[in-house]
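K.L.:
Below you will find the structure I want to go over with you.
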Amino acid sequence: MKKILFGATAAAVIAAGTFGAVSANASAPAAAPAAVVRADAGNDNLQQSTHLTIEAATKAAQATLDAAEKENQRVSVAVVDRNGNTIVTLRGDGAGPQSYESAEKKAYTAVSWNATTSVLAGRLAQAPNLKDIPGTLFLAGGAPVTAKGAPIAGIGVAGAPSGDLDEKFAQAGVAALAN
């Protein structure tokens, strides 16, 4: 008898709850339709930018690595986009473990200031705090890639015995994009 009474009570509670929910929903006013926002492509707030394709970034990285291998140098190469995001990274056979991250930082630094990192390293004498900017590395080996005078990518190389060699190889990657 207790089971039947408990079951009937539970059914009554569920029915009352359902009725209350239906009643509450029925009495709520319908929400006003949301305003539709449209973007105007002719709007002066939009800007078009140029980016390297993955194919072009890979071509540049491979040309850079090939230039280093011709001189028996073991390096890593990174190509980053205008925003400093890595597009392609190639680690050459035998490249040191530090070279991967260093190449990315050099590429980021070059595209950020639209200058080779050897030129930027020279600026540290006048502005030593530059080295404190996160993600940057002010050592020779980074070169910007430009289109219509604006930076669109950076190529960074690390692992050769000198920054001058790293930068020479980075410039080979930039030159490969001109072809």
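By convention in this document, the chains of the structure tokens carry letters A, B, ... by their order, each chain's residues are numbered from 1, and ligands are numbered from 1 in the order they are shown.
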Sorted by chain and rising residue number, which residues of range 122-177 of chain A lie within 6 Å of range 78-90 of chain A, and what are their closest atom pairs and distances in Å to one decimal, counting only C-alpha atoms, as a Markdown table?
P.N.:
| residue | atom | partner | partner_atom | distance |
| --- | --- | --- | --- | --- |
| A:Ile152 | CA | A:Arg82 | CA | 4.6 |
| A:Ala153 | CA | A:Asp81 | CA | 4.3 |
| A:Gly154 | CA | A:Val80 | CA | 5.3 |
| A:Ile155 | CA | A:Val79 | CA | 4.6 |
| A:Gly156 | CA | A:Ala78 | CA | 5.2 |
K.L.:
Set the distance at 7 Å and use only C-alpha atoms: which residues neighbour Lys105 in chain A once local chain neighbours fewer than 5 positions away are removed? I'd like the list as a count of residues only.
P.N.:
3
K.L.:
So the first atom is CA of Arg74 in chain A and the second is CA of Ala107 in chain A; what is the distance between them in Å, to one decimal place?
P.N.:
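Interatomic distance, CA of Arg74 in chain A to CA of Ala107 in chain A: 17.5 Å.
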K.L.:
I'd like to know which of A:Lys106, A:Asp166, A:Lys70, A:Gln98 is closest to Lys131 in chain A, using only C-alpha atoms.
P.N.:
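Going through A:Lys106, A:Asp166, A:Lys70, A:Gln98 one by one, the smallest distance to Lys131 in chain A is for A:Lys106.
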K.L.:
I need the alpha helix (DSSP H) residues of range 103-138 of chain A per DSSP on the backbone, written as a PyMOL selection string.
P.N.:
chain A and resi 103-113+117-123
K.L.:
Considering only C-alpha atoms, can you say which of A:Leu124, A:Ala115, A:Leu130, A:Val75 comes closest to Ala150 in chain A?
P.N.:
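The closest residue to Ala150 in chain A is A:Ala115.
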K.L.:
Rank nothing, just name the residue among A:Gly141, A:Pro97, A:Pro128, A:Gly92 nearest to Thr109 in chain A, using only C-alpha atoms.
P.N.:
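Of all the options, A:Gly141 lies closest to Thr109 in chain A.
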K.L.:
What separation in Å, quoted to one decimal, exists between CA of Pro144 in chain A and CA of Ala110 in chain A?
P.N.:
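Separation between CA of Pro144 in chain A and CA of Ala110 in chain A: 5.1 Å.
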K.L.:
Mind giving me the straight-line distance from CA of Ala95 in chain A to CA of Thr116 in chain A in Å, one decimal?
P.N.:
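Computing the Euclidean distance for CA of Ala95 in chain A and CA of Thr116 in chain A yields 21.9 Å.
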